[in-house]
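*Asks:* Got a structure for you, input-v1.json, holding JSON, C-alpha atoms.
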```
[["chain", "number", "residue", "atom", "x", "y", "z"],
["A", 1, "MET", "CA", 34.52, 74.26, -66.61],
["A", 2, "LYS", "CA", 31.08, 74.21, -65.09],
["A", 3, "ASP", "CA", 30.61, 70.56, -66.03],
["A", 4, "GLN", "CA", 33.95, 69.67, -64.55],
["A", 5, "GLY", "CA", 33.01, 71.33, -61.21],
["A", 6, "ILE", "CA", 29.74, 69.44, -61.08],
["A", 7, "PHE", "CA", 31.56, 66.20, -61.83],
["A", 8, "ARG", "CA", 34.04, 66.84, -59.03],
["A", 9, "CYS", "CA", 31.24, 67.54, -56.56],
["A", 10, "HIS", "CA", 29.51, 64.29, -57.49],
["A", 11, "ALA", "CA", 32.78, 62.36, -57.17],
["A", 12, "ALA", "CA", 33.44, 63.80, -53.71],
["A", 13, "ALA", "CA", 29.91, 62.99, -52.59],
["A", 14, "LEU", "CA", 30.25, 59.44, -53.90],
["A", 15, "ALA", "CA", 33.57, 58.95, -52.07],
["A", 16, "LEU", "CA", 31.98, 60.23, -48.82],
["A", 17, "LEU", "CA", 29.09, 57.77, -49.18],
["A", 18, "ILE", "CA", 31.56, 54.89, -49.69],
["A", 19, "VAL", "CA", 33.47, 55.85, -46.53],
["A", 20, "LEU", "CA", 30.26, 56.09, -44.48],
["A", 21, "ALA", "CA", 29.04, 52.73, -45.75],
["A", 22, "GLY", "CA", 32.35, 51.13, -44.80],
["A", 23, "CYS", "CA", 32.15, 52.48, -41.26],
["A", 24, "ALA", "CA", 28.57, 51.28, -40.86],
["A", 25, "SER", "CA", 29.53, 47.73, -41.86],
["A", 26, "ILE", "CA", 32.15, 47.38, -39.10],
["A", 27, "THR", "CA", 30.80, 45.18, -36.33],
["A", 28, "PRO", "CA", 31.52, 46.60, -32.86],
["A", 29, "ALA", "CA", 33.69, 44.44, -30.62],
["A", 30, "PRO", "CA", 31.62, 42.49, -28.09],
["A", 31, "LEU", "CA", 31.76, 43.73, -24.50],
["A", 32, "ASP", "CA", 33.39, 41.34, -22.07],
["A", 33, "GLU", "CA", 30.81, 41.27, -19.29],
["A", 34, "ARG", "CA", 32.37, 39.84, -16.17],
["A", 35, "SER", "CA", 30.27, 39.17, -13.12],
["A", 36, "THR", "CA", 31.24, 41.22, -10.11],
["A", 37, "ALA", "CA", 29.46, 38.88, -7.72],
["A", 38, "ALA", "CA", 31.61, 37.54, -4.94],
["A", 39, "LYS", "CA", 32.82, 34.03, -5.40],
["A", 40, "PRO", "CA", 31.36, 31.47, -3.02],
["A", 41, "PRO", "CA", 33.63, 30.54, -0.13],
["A", 42, "ALA", "CA", 35.74, 27.43, -0.42],
["A", 43, "ALA", "CA", 34.06, 24.19, 0.55],
["A", 44, "ILE", "CA", 34.24, 23.53, 4.28],
["A", 45, "ALA", "CA", 35.03, 20.06, 5.56],
["A", 46, "SER", "CA", 31.85, 19.13, 7.43],
["A", 47, "LYS", "CA", 33.66, 17.05, 10.04],
["A", 48, "ASP", "CA", 36.07, 19.81, 10.97],
["A", 49, "MET", "CA", 33.88, 22.90, 10.62],
["A", 50, "TYR", "CA", 30.31, 23.90, 11.43],
["A", 51, "LEU", "CA", 28.24, 26.74, 9.96],
["A", 52, "VAL", "CA", 26.19, 28.57, 12.56],
["A", 53, "LYS", "CA", 22.42, 28.42, 11.92],
["A", 54, "LYS", "CA", 19.57, 30.49, 13.28],
["A", 55, "GLY", "CA", 18.83, 29.60, 16.90],
["A", 56, "ASP", "CA", 22.30, 28.19, 17.60],
["A", 57, "THR", "CA", 24.30, 29.15, 20.65],
["A", 58, "LEU", "CA", 27.90, 28.28, 21.35],
["A", 59, "TYR", "CA", 26.69, 26.03, 24.17],
["A", 60, "SER", "CA", 24.22, 24.11, 22.00],
["A", 61, "ILE", "CA", 26.88, 23.60, 19.31],
["A", 62, "ALA", "CA", 29.27, 22.27, 21.94],
["A", 63, "LEU", "CA", 26.59, 19.89, 23.29],
["A", 64, "ASP", "CA", 25.71, 18.61, 19.80],
["A", 65, "HIS", "CA", 29.37, 17.84, 19.10],
["A", 66, "GLY", "CA", 30.24, 16.42, 22.52],
["A", 67, "LEU", "CA", 32.62, 19.28, 23.31],
["A", 68, "ASP", "CA", 33.48, 21.71, 26.05],
["A", 69, "TYR", "CA", 32.33, 25.14, 24.86],
["A", 70, "ARG", "CA", 35.62, 26.58, 26.12],
["A", 71, "ASP", "CA", 37.43, 24.47, 23.53],
["A", 72, "LEU", "CA", 35.30, 26.11, 20.83],
["A", 73, "VAL", "CA", 36.24, 29.52, 22.25],
["A", 74, "ALA", "CA", 39.94, 28.65, 22.10],
["A", 75, "TRP", "CA", 39.93, 26.97, 18.66],
["A", 76, "ASN", "CA", 37.99, 29.84, 17.06],
["A", 77, "ALA", "CA", 39.49, 32.79, 18.97],
["A", 78, "ILE", "CA", 36.01, 33.90, 20.14],
["A", 79, "GLU", "CA", 36.06, 36.98, 22.35],
["A", 80, "ASN", "CA", 32.43, 36.83, 23.52],
["A", 81, "PRO", "CA", 30.91, 33.31, 23.88],
["A", 82, "ASN", "CA", 27.42, 34.86, 23.88],
["A", 83, "ARG", "CA", 27.81, 36.41, 20.44],
["A", 84, "ILE", "CA", 28.15, 34.28, 17.31],
["A", 85, "LEU", "CA", 26.87, 35.12, 13.84],
["A", 86, "ILE", "CA", 24.59, 33.18, 11.50],
["A", 87, "GLY", "CA", 26.73, 31.70, 8.74],
["A", 88, "GLN", "CA", 29.90, 31.92, 10.82],
["A", 89, "ALA", "CA", 32.22, 28.92, 10.33],
["A", 90, "LEU", "CA", 33.34, 27.37, 13.60],
["A", 91, "ARG", "CA", 36.01, 24.75, 14.03],
["A", 92, "VAL", "CA", 34.56, 21.79, 15.95],
["A", 93, "ARG", "CA", 37.67, 19.64, 15.97],
["A", 94, "ALA", "CA", 41.03, 20.44, 17.48],
["A", 95, "PRO", "CA", 43.51, 21.72, 14.88],
["A", 96, "GLY", "CA", 45.71, 18.89, 13.65],
["A", 97, "SER", "CA", 43.54, 16.17, 15.17],
["A", 98, "ALA", "CA", 42.46, 13.07, 13.20],
["A", 99, "VAL", "CA", 39.62, 10.64, 13.81],
["A", 100, "ALA", "CA", 40.38, 6.94, 13.68],
["A", 101, "GLY", "CA", 39.43, 5.39, 10.36],
["A", 102, "GLU", "CA", 39.77, 8.63, 8.42],
["A", 103, "THR", "CA", 43.51, 8.50, 7.74],
["A", 104, "ALA", "CA", 44.31, 7.27, 4.27],
["A", 105, "VAL", "CA", 47.03, 4.62, 4.28],
["A", 106, "VAL", "CA", 49.10, 4.45, 1.12],
["A", 107, "ARG", "CA", 50.39, 0.99, 0.26],
["A", 108, "PRO", "CA", 52.53, -0.08, -2.72],
["A", 109, "ILE", "CA", 50.73, -1.97, -5.44],
["A", 110, "GLY", "CA", 52.33, -5.40, -5.28],
["A", 111, "THR", "CA", 54.65, -6.60, -8.06],
["A", 112, "VAL", "CA", 54.54, -4.74, -11.33],
["A", 113, "ALA", "CA", 54.80, -6.78, -14.49],
["A", 114, "VAL", "CA", 58.03, -6.02, -16.31],
["A", 115, "VAL", "CA", 58.14, -6.08, -20.09],
["A", 116, "GLU", "CA", 61.39, -7.69, -21.08],
["A", 117, "GLN", "CA", 63.07, -6.24, -24.11],
["A", 118, "ARG", "CA", 65.33, -8.33, -26.35],
["A", 119, "PRO", "CA", 67.11, -7.48, -29.56],
["A", 120, "LEU", "CA", 65.49, -8.60, -32.76],
["A", 121, "GLY", "CA", 68.34, -10.99, -33.44],
["A", 122, "ALA", "CA", 67.86, -13.03, -30.27],
["A", 123, "GLY", "CA", 67.35, -16.68, -31.04],
["A", 124, "ALA", "CA", 64.68, -19.03, -29.80],
["A", 125, "ALA", "CA", 67.05, -20.56, -27.26],
["A", 126, "ALA", "CA", 67.51, -17.22, -25.50],
["A", 127, "VAL", "CA", 63.78, -16.72, -25.34],
["A", 128, "ALA", "CA", 63.13, -20.20, -23.99],
["A", 129, "ALA", "CA", 65.70, -19.67, -21.25],
["A", 130, "ALA", "CA", 63.64, -16.78, -19.86],
["A", 131, "GLY", "CA", 61.17, -19.11, -18.18],
["A", 132, "ASP", "CA", 57.53, -19.81, -18.89],
["A", 133, "VAL", "CA", 57.38, -18.06, -22.22],
["A", 134, "VAL", "CA", 55.48, -19.40, -25.18],
["A", 135, "VAL", "CA", 57.92, -19.53, -28.09],
["A", 136, "LEU", "CA", 56.59, -19.06, -31.59],
["A", 137, "LYS", "CA", 58.53, -21.45, -33.79],
["A", 138, "ARG", "CA", 59.36, -20.17, -37.19],
["A", 139, "GLU", "CA", 61.88, -22.90, -38.33],
["A", 140, "PRO", "CA", 62.33, -25.20, -40.16],
["A", 141, "LYS", "CA", 60.57, -23.69, -43.09],
["A", 142, "ALA", "CA", 59.25, -25.83, -45.97],
["A", 143, "GLY", "CA", 61.22, -25.15, -49.14],
["A", 144, "LYS", "CA", 59.53, -24.99, -52.50],
["A", 145, "GLU", "CA", 60.81, -27.35, -55.26],
["A", 146, "ALA", "CA", 59.49, -27.95, -58.77],
["A", 147, "TYR", "CA", 57.64, -31.21, -59.15],
["A", 148, "SER", "CA", 59.56, -34.09, -60.62],
["A", 149, "GLU", "CA", 59.78, -37.83, -60.12],
["A", 150, "GLN", "CA", 63.22, -37.38, -58.53],
["A", 151, "ALA", "CA", 61.89, -34.85, -56.04],
["A", 152, "LEU", "CA", 58.97, -37.14, -55.17],
["A", 153, "ALA", "CA", 61.33, -40.05, -54.61],
["A", 154, "ARG", "CA", 63.55, -38.00, -52.33],
["A", 155, "ALA", "CA", 60.55, -36.86, -50.28],
["A", 156, "GLN", "CA", 59.30, -40.42, -49.90],
["A", 157, "ALA", "CA", 62.74, -41.67, -48.91],
["A", 158, "GLN", "CA", 63.00, -39.26, -45.95],
["A", 159, "PRO", "CA", 62.09, -40.92, -42.59],
["A", 160, "LYS", "CA", 58.88, -39.67, -40.97],
["A", 161, "PRO", "CA", 59.17, -38.24, -37.50],
["A", 162, "ALA", "CA", 57.78, -40.48, -34.79],
["A", 163, "GLU", "CA", 54.49, -39.31, -33.38],
["A", 164, "PRO", "CA", 54.59, -38.78, -29.63],
["A", 165, "ALA", "CA", 52.62, -41.32, -27.71],
["A", 166, "VAL", "CA", 49.96, -39.83, -25.51],
["A", 167, "ALA", "CA", 49.66, -41.75, -22.31],
["A", 168, "MET", "CA", 46.21, -41.57, -20.84],
["A", 169, "ALA", "CA", 46.70, -41.90, -17.16],
["A", 170, "THR", "CA", 43.63, -42.64, -15.17],
["A", 171, "VAL", "CA", 43.71, -40.88, -11.87],
["A", 172, "THR", "CA", 41.73, -42.56, -9.21],
["A", 173, "LYS", "CA", 40.50, -40.20, -6.55],
["A", 174, "ALA", "CA", 40.20, -41.76, -3.19],
["A", 175, "GLU", "CA", 37.22, -40.41, -1.40],
["A", 176, "ALA", "CA", 38.19, -39.57, 2.12],
["A", 177, "LYS", "CA", 35.43, -40.45, 4.47],
["A", 178, "PRO", "CA", 35.39, -38.53, 7.73],
["A", 179, "GLU", "CA", 35.65, -40.64, 10.80],
["A", 180, "ALA", "CA", 32.64, -40.72, 12.96],
["A", 181, "LYS", "CA", 33.26, -38.68, 16.08],
["A", 182, "PRO", "CA", 31.16, -38.75, 19.19],
["A", 183, "GLU", "CA", 28.97, -35.69, 19.51],
["A", 184, "ALA", "CA", 30.21, -33.22, 22.08],
["A", 185, "LYS", "CA", 27.53, -32.34, 24.55],
["A", 186, "PRO", "CA", 27.41, -28.67, 25.52],
["A", 187, "GLU", "CA", 28.30, -28.01, 29.10],
["A", 188, "ALA", "CA", 25.51, -26.69, 31.20],
["A", 189, "LYS", "CA", 26.27, -23.12, 32.29],
["A", 190, "PRO", "CA", 24.68, -21.63, 35.36],
["A", 191, "GLU", "CA", 22.32, -18.77, 34.56],
["A", 192, "ALA", "CA", 23.53, -15.38, 35.67],
["A", 193, "GLN", "CA", 20.92, -13.56, 37.69],
["A", 194, "GLY", "CA", 20.78, -9.86, 38.32],
["A", 195, "GLU", "CA", 23.83, -8.99, 36.20],
["A", 196, "ALA", "CA", 24.49, -5.30, 35.64],
["A", 197, "LYS", "CA", 24.88, -3.98, 32.13],
["A", 198, "PRO", "CA", 28.51, -3.77, 30.98],
["A", 199, "GLY", "CA", 30.07, -0.34, 31.10],
["A", 200, "ASP", "CA", 30.58, 1.85, 28.05],
["A", 201, "THR", "CA", 34.14, 2.25, 26.83],
["A", 202, "GLY", "CA", 35.24, 5.59, 25.44],
["A", 203, "ALA", "CA", 37.77, 6.43, 22.74],
["A", 204, "GLY", "CA", 40.59, 6.43, 25.26],
["A", 205, "GLY", "CA", 39.66, 2.99, 26.63],
["A", 206, "GLU", "CA", 38.02, 4.37, 29.79],
["A", 207, "GLU", "CA", 35.08, 2.25, 30.90],
["A", 208, "ILE", "CA", 32.04, 3.94, 32.40],
["A", 209, "THR", "CA", 29.70, 2.14, 34.76],
["A", 210, "TRP", "CA", 26.52, 4.21, 34.88],
["A", 211, "THR", "CA", 24.14, 4.87, 37.73],
["A", 212, "TRP", "CA", 20.69, 6.46, 37.76],
["A", 213, "PRO", "CA", 20.78, 10.26, 38.16],
["A", 214, "ALA", "CA", 17.56, 10.40, 40.23],
["A", 215, "SER", "CA", 15.33, 8.02, 42.14],
["A", 216, "GLY", "CA", 11.95, 9.20, 40.86],
["A", 217, "LYS", "CA", 9.53, 7.53, 38.47],
["A", 218, "LEU", "CA", 10.26, 7.42, 34.76],
["A", 219, "ILE", "CA", 7.71, 9.63, 32.99],
["A", 220, "GLY", "CA", 9.32, 10.18, 29.56],
["A", 221, "THR", "CA", 11.36, 7.93, 27.29],
["A", 222, "PHE", "CA", 13.83, 8.49, 24.47],
["A", 223, "SER", "CA", 12.62, 8.75, 20.88],
["A", 224, "GLU", "CA", 14.53, 9.35, 17.63],
["A", 225, "GLY", "CA", 13.83, 12.86, 16.41],
["A", 226, "GLY", "CA", 11.76, 13.61, 19.51],
["A", 227, "ASN", "CA", 12.77, 13.37, 23.15],
["A", 228, "LYS", "CA", 16.58, 13.33, 23.27],
["A", 229, "GLY", "CA", 16.69, 11.67, 26.66],
["A", 230, "ILE", "CA", 14.47, 10.47, 29.51],
["A", 231, "ASP", "CA", 12.40, 12.38, 32.08],
["A", 232, "ILE", "CA", 12.25, 11.47, 35.77],
["A", 233, "ASN", "CA", 9.72, 13.06, 38.09],
["A", 234, "GLY", "CA", 10.21, 14.06, 41.70],
["A", 235, "LYS", "CA", 9.80, 16.84, 44.23],
["A", 236, "ALA", "CA", 11.52, 20.19, 44.15],
["A", 237, "GLY", "CA", 14.87, 19.85, 45.85],
["A", 238, "ASP", "CA", 15.31, 16.11, 45.22],
["A", 239, "ALA", "CA", 18.92, 15.12, 44.62],
["A", 240, "VAL", "CA", 20.32, 15.00, 41.10],
["A", 241, "LEU", "CA", 23.34, 12.69, 40.93],
["A", 242, "ALA", "CA", 26.19, 12.40, 38.46],
["A", 243, "ALA", "CA", 25.56, 9.26, 36.39],
["A", 244, "GLY", "CA", 29.30, 8.71, 36.10],
["A", 245, "GLY", "CA", 32.60, 10.26, 37.05],
["A", 246, "GLY", "CA", 33.91, 13.15, 34.96],
["A", 247, "LYS", "CA", 34.37, 16.89, 34.71],
["A", 248, "VAL", "CA", 31.71, 19.61, 34.63],
["A", 249, "VAL", "CA", 32.05, 21.36, 31.27],
["A", 250, "TYR", "CA", 28.94, 23.53, 31.51],
["A", 251, "SER", "CA", 26.74, 25.01, 34.21],
["A", 252, "GLY", "CA", 24.20, 27.67, 33.31],
["A", 253, "THR", "CA", 21.06, 28.65, 31.42],
["A", 254, "GLY", "CA", 22.47, 29.28, 27.94],
["A", 255, "LEU", "CA", 20.57, 26.47, 26.18],
["A", 256, "ARG", "CA", 16.95, 27.25, 25.41],
["A", 257, "GLY", "CA", 14.49, 24.67, 26.71],
["A", 258, "TYR", "CA", 16.87, 23.15, 29.29],
["A", 259, "GLY", "CA", 16.54, 25.62, 32.14],
["A", 260, "LYS", "CA", 19.35, 25.42, 34.67],
["A", 261, "LEU", "CA", 21.60, 22.84, 33.05],
["A", 262, "VAL", "CA", 24.67, 20.85, 34.07],
["A", 263, "ILE", "CA", 26.79, 18.98, 31.51],
["A", 264, "VAL", "CA", 29.41, 16.45, 32.63],
["A", 265, "LYS", "CA", 32.04, 15.13, 30.23],
["A", 266, "HIS", "CA", 33.14, 11.60, 31.13],
["A", 267, "ASN", "CA", 35.72, 10.95, 28.39],
["A", 268, "ASN", "CA", 36.31, 11.76, 24.73],
["A", 269, "THR", "CA", 33.19, 9.79, 23.78],
["A", 270, "TYR", "CA", 30.47, 10.32, 26.37],
["A", 271, "LEU", "CA", 28.90, 13.25, 28.17],
["A", 272, "THR", "CA", 25.66, 13.59, 30.16],
["A", 273, "ALA", "CA", 23.20, 16.46, 30.55],
["A", 274, "TYR", "CA", 20.96, 17.24, 33.57],
["A", 275, "ALA", "CA", 18.22, 19.84, 32.88],
["A", 276, "HIS", "CA", 15.46, 21.86, 34.63],
["A", 277, "ASN", "CA", 17.32, 22.02, 37.96],
["A", 278, "GLN", "CA", 16.19, 24.25, 40.80],
["A", 279, "SER", "CA", 19.76, 24.87, 41.89],
["A", 280, "VAL", "CA", 23.21, 23.79, 40.72],
["A", 281, "LEU", "CA", 25.83, 22.67, 43.25],
["A", 282, "VAL", "CA", 28.91, 22.37, 41.01],
["A", 283, "LYS", "CA", 31.03, 24.74, 38.94],
["A", 284, "GLU", "CA", 32.54, 24.48, 35.50],
["A", 285, "GLY", "CA", 35.88, 22.69, 35.49],
["A", 286, "GLN", "CA", 35.06, 20.81, 38.70],
["A", 287, "SER", "CA", 35.68, 17.04, 38.80],
["A", 288, "VAL", "CA", 32.78, 14.93, 40.06],
["A", 289, "SER", "CA", 32.51, 11.29, 41.04],
["A", 290, "LYS", "CA", 29.84, 8.76, 40.18],
["A", 291, "GLY", "CA", 26.75, 9.24, 42.38],
["A", 292, "GLN", "CA", 27.82, 12.68, 43.63],
["A", 293, "LYS", "CA", 25.01, 15.20, 44.18],
["A", 294, "ILE", "CA", 25.48, 17.90, 41.56],
["A", 295, "ALA", "CA", 22.09, 19.67, 41.55],
["A", 296, "GLU", "CA", 18.59, 19.77, 42.99],
["A", 297, "MET", "CA", 15.54, 18.90, 40.95],
["A", 298, "GLY", "CA", 13.28, 21.74, 39.79],
["A", 299, "ASN", "CA", 11.08, 23.02, 36.99],
["A", 300, "THR", "CA", 13.13, 25.78, 35.32],
["A", 301, "ASP", "CA", 11.98, 26.09, 31.71],
["A", 302, "ALA", "CA", 9.59, 23.14, 32.23],
["A", 303, "ASP", "CA", 5.90, 22.65, 32.96],
["A", 304, "GLN", "CA", 6.51, 20.44, 36.03],
["A", 305, "VAL", "CA", 9.22, 19.40, 38.46],
["A", 306, "LYS", "CA", 11.35, 16.81, 36.71],
["A", 307, "LEU", "CA", 14.87, 15.88, 35.65],
["A", 308, "HIS", "CA", 15.54, 15.68, 31.93],
["A", 309, "PHE", "CA", 18.57, 13.41, 31.51],
["A", 310, "GLU", "CA", 20.57, 12.79, 28.32],
["A", 311, "ILE", "CA", 23.52, 10.61, 27.37],
["A", 312, "ARG", "CA", 25.44, 11.85, 24.34],
["A", 313, "ARG", "CA", 27.87, 9.67, 22.43],
["A", 314, "GLN", "CA", 30.23, 11.92, 20.42],
["A", 315, "GLY", "CA", 27.52, 14.57, 20.59],
["A", 316, "LYS", "CA", 24.70, 12.34, 19.32],
["A", 317, "PRO", "CA", 21.84, 11.56, 21.74],
["A", 318, "VAL", "CA", 21.47, 7.87, 22.59],
["A", 319, "ASP", "CA", 18.82, 6.04, 24.60],
["A", 320, "PRO", "CA", 19.85, 6.21, 28.29],
["A", 321, "LEU", "CA", 17.80, 3.09, 29.10],
["A", 322, "LYS", "CA", 20.21, 1.03, 26.99],
["A", 323, "HIS", "CA", 23.11, 2.18, 29.18],
["A", 324, "LEU", "CA", 21.68, 2.60, 32.70],
["A", 325, "PRO", "CA", 21.38, -0.50, 34.91],
["A", 326, "GLN", "CA", 17.98, -2.06, 35.37],
["A", 327, "ARG", "CA", 16.10, -1.14, 38.51]]
```
Please re-express this file's structure in C-alpha cells.
*Replies:*
Amino acid sequence: MKDQGIFRCHAAALALLIVLAGCASITPAPLDERSTAAKPPAAIASKDMYLVKKGDTLYSIALDHGLDYRDLVAWNAIENPNRILIGQALRVRAPGSAVAGETAVVRPIGTVAVVEQRPLGAGAAAVAAAGDVVVLKREPKAGKEAYSEQALARAQAQPKPAEPAVAMATVTKAEAKPEAKPEAKPEAKPEAQGEAKPGDTGAGGEEITWTWPASGKLIGTFSEGGNKGIDINGKAGDAVLAAGGGKVVYSGTGLRGYGKLVIVKHNNTYLTAYAHNQSVLVKEGQSVSKGQKIAEMGNTDADQVKLHFEIRRQGKPVDPLKHLPQR
C-alpha cells in the first residue's frame, strides 16, 4: 500500500509538471498598438486657402493676394479682423469661384475602333465585302496523290495560270519653279515721338492708364526679393495722388513697415499701395479718380519723408516703372 501511495504522488506531480510546461509554451497574443496621435488635416488647395504664418496680419494677407480684407472677413466668418491664429486656414478665393485656365474640359476621345465579330462559318466573300480587310486565303488546297506516270501526265496537261504583267510606270515629276516677283519695299512709317505707355488691362477687360503718384525725385527702385515698389522723396505735406481710378480698400496702420497706408483696388487684377503718409484724406470704400489727392506725404514708420509706392498684379509686386509713363 505504501508503494502504491508513493507511486500515486509521483504520478500526480508528473501530471502537474506537464500542465505547467504546456502553459509556459503558449505564446501570448501580440498587443495591437494603435497610435493615438491625431491624423494630419486634409490637404489644403494652395490656390483657395492660405495657412497663417508668424508675423501675418489679415491686412498683409489681403495685400499679398490682391484682395479687400473685408472679403477675407466675410469668406472666413472672422469676428475680429485684428485676431488671427498661426496655422489658421483662411479662404483667399471667393467660394465657388474659378480662375481662367484651371477648369478641366472633358472631351470625347475621337472614334473608337470597333472589333467586328463574324461567325466562324463566314466565307471569304463576306470578309472581303467589309472593306479594306486583308483576307487570308486558305483555298484551293493542294491535294496529295501517289506518284505515277498517269498522275504526272495529268499534272503536265493542266494549263498554267498566266502570270500578271507588272507595268512599270515612270512618273515624271514636273518641278514647279516659282515665278520671280518684284520685291515689295517696306513703307516708311513716321516715328512716334513721346508716346505714352499702353494701359494695363485687368481680368474684366478694364484698361488702366497710370499716372505718377507724386512729383518728387525717384530715390528707390524695385528689386525682386527686395524693395517691392519705388520710393519718391518730397516734403512733409506734399500731395499723394491716386495712380489710377478705383476704390479704397484699406486705410490704416495695420501693416508693419508701411506706416499710414492707403490701398486702392483698380480692378480684379491691379491694386496700388501708398505708404508712410503723414495724413490720409480718404476712407475705406470710397471711390477715387485718377490723379485725385488721397494723402499727404510723411515719414510714418520710415527714416525720412518719402512715398513708398507699389503696384500689385493679382497680389504679386511688379515694377512700377514698367507701368508708369515716362517723365
*Asks:* Near Gly87 in chain A, within 12 Å and counting only C-alpha atoms, which residues show up once chain neighbours fewer than 6 positions away are dropped, as a short mmCIF file (atom, residue, chain, number, x, y, z; two decimals) with C-alpha atoms, in the coordinates of the input?
*Replies:*
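Produced file result_18.cif, reproduced below:
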```
data_model
loop_
_atom_site.label_atom_id
_atom_site.label_comp_id
_atom_site.auth_asym_id
_atom_site.auth_seq_id
_atom_site.Cartn_x
_atom_site.Cartn_y
_atom_site.Cartn_z
CA PRO A 41 33.63 30.54 -0.13
CA ILE A 44 34.24 23.53 4.28
CA MET A 49 33.88 22.90 10.62
CA TYR A 50 30.31 23.90 11.43
CA LEU A 51 28.24 26.74 9.96
CA VAL A 52 26.19 28.57 12.56
CA LYS A 53 22.42 28.42 11.92
CA LYS A 54 19.57 30.49 13.28
CA GLY A 55 18.83 29.60 16.90
CA ASP A 56 22.30 28.19 17.60
#
```
*Asks:* May I have the residues within 6 Å of range 59-75 of chain A as a list in words, using all atoms listed in the file and disregarding those fewer than 3 positions away in the same chain?
*Replies:*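 The residues that qualify are Ile78, Val249, Gln314 and Gly315 of chain A.
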*Asks:* Tell me, in Å to one decimal, how far CA of Leu307 in chain A is from CA of Ser251 in chain A.
*Replies:* 15.0 Å
*Asks:* Around the point (18.1, 29.9, 28.8), in the coordinates given by the file, pick out the residues reaching within 12 Å, counting only C-alpha atoms, and return them as a ChimeraX atom specification.
*Replies:* /A:55,57,59-60,82,251-261,275-276,300-302
*Asks:* A:Gly226, A:Pro317, A:Pro213, A:Gly237: which is nearest Val305 in chain A, counting only C-alpha atoms?
*Replies:* A:Gly237
*Asks:* Taking (24.5, 17.3, 32.3) in the coordinates of the supplied file, I want to know which residues reach to within 7 Å of it, counting all atoms listed in the file; could you give the answer as a list in words?
*Replies:*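 In the file's frame, the residues around the point are Leu261, Val262, Ile263, Val264, Thr272, Ala273, Tyr274 and Ala275 of chain A.
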*Asks:* Would you please work out which residue, of A:Arg327, A:Thr269, A:Gly246, A:Lys306, is nearest to Ser287 in chain A when using all atoms listed in the file?
*Replies:* A:Gly246
*Asks:* Rank A:Val92, A:Ile86, A:Lys228, A:Leu281 by their smallest atom-to-atom distance to Lys316 in chain A, using all atoms listed in the file, and report the top residue only.
*Replies:*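 The shortest atom-to-atom distance to Lys316 in chain A comes from A:Lys228.
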*Asks:* Grab the CA of Ala243 in chain A to CA of Ala94 in chain A distance for me, in Å with one decimal place.
*Replies:*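 Distance between the two atoms: 26.9 Å.
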*Asks:* So the first atom is CA of Val240 in chain A and the second is CA of Lys265 in chain A; what is the distance between them in Å, to one decimal place?
*Replies:*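 CA of Lys265 in chain A lies at a distance of 16.0 Å from CA of Val240 in chain A.
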*Asks:* Given the choices A:Ala214, A:Ala77, A:Val248, A:Leu321, which gets closest to Gly285 in chain A if the distance is worked out from all atoms listed in the file?
*Replies:*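 That would be A:Val248, the residue with the smallest distance to Gly285 in chain A.
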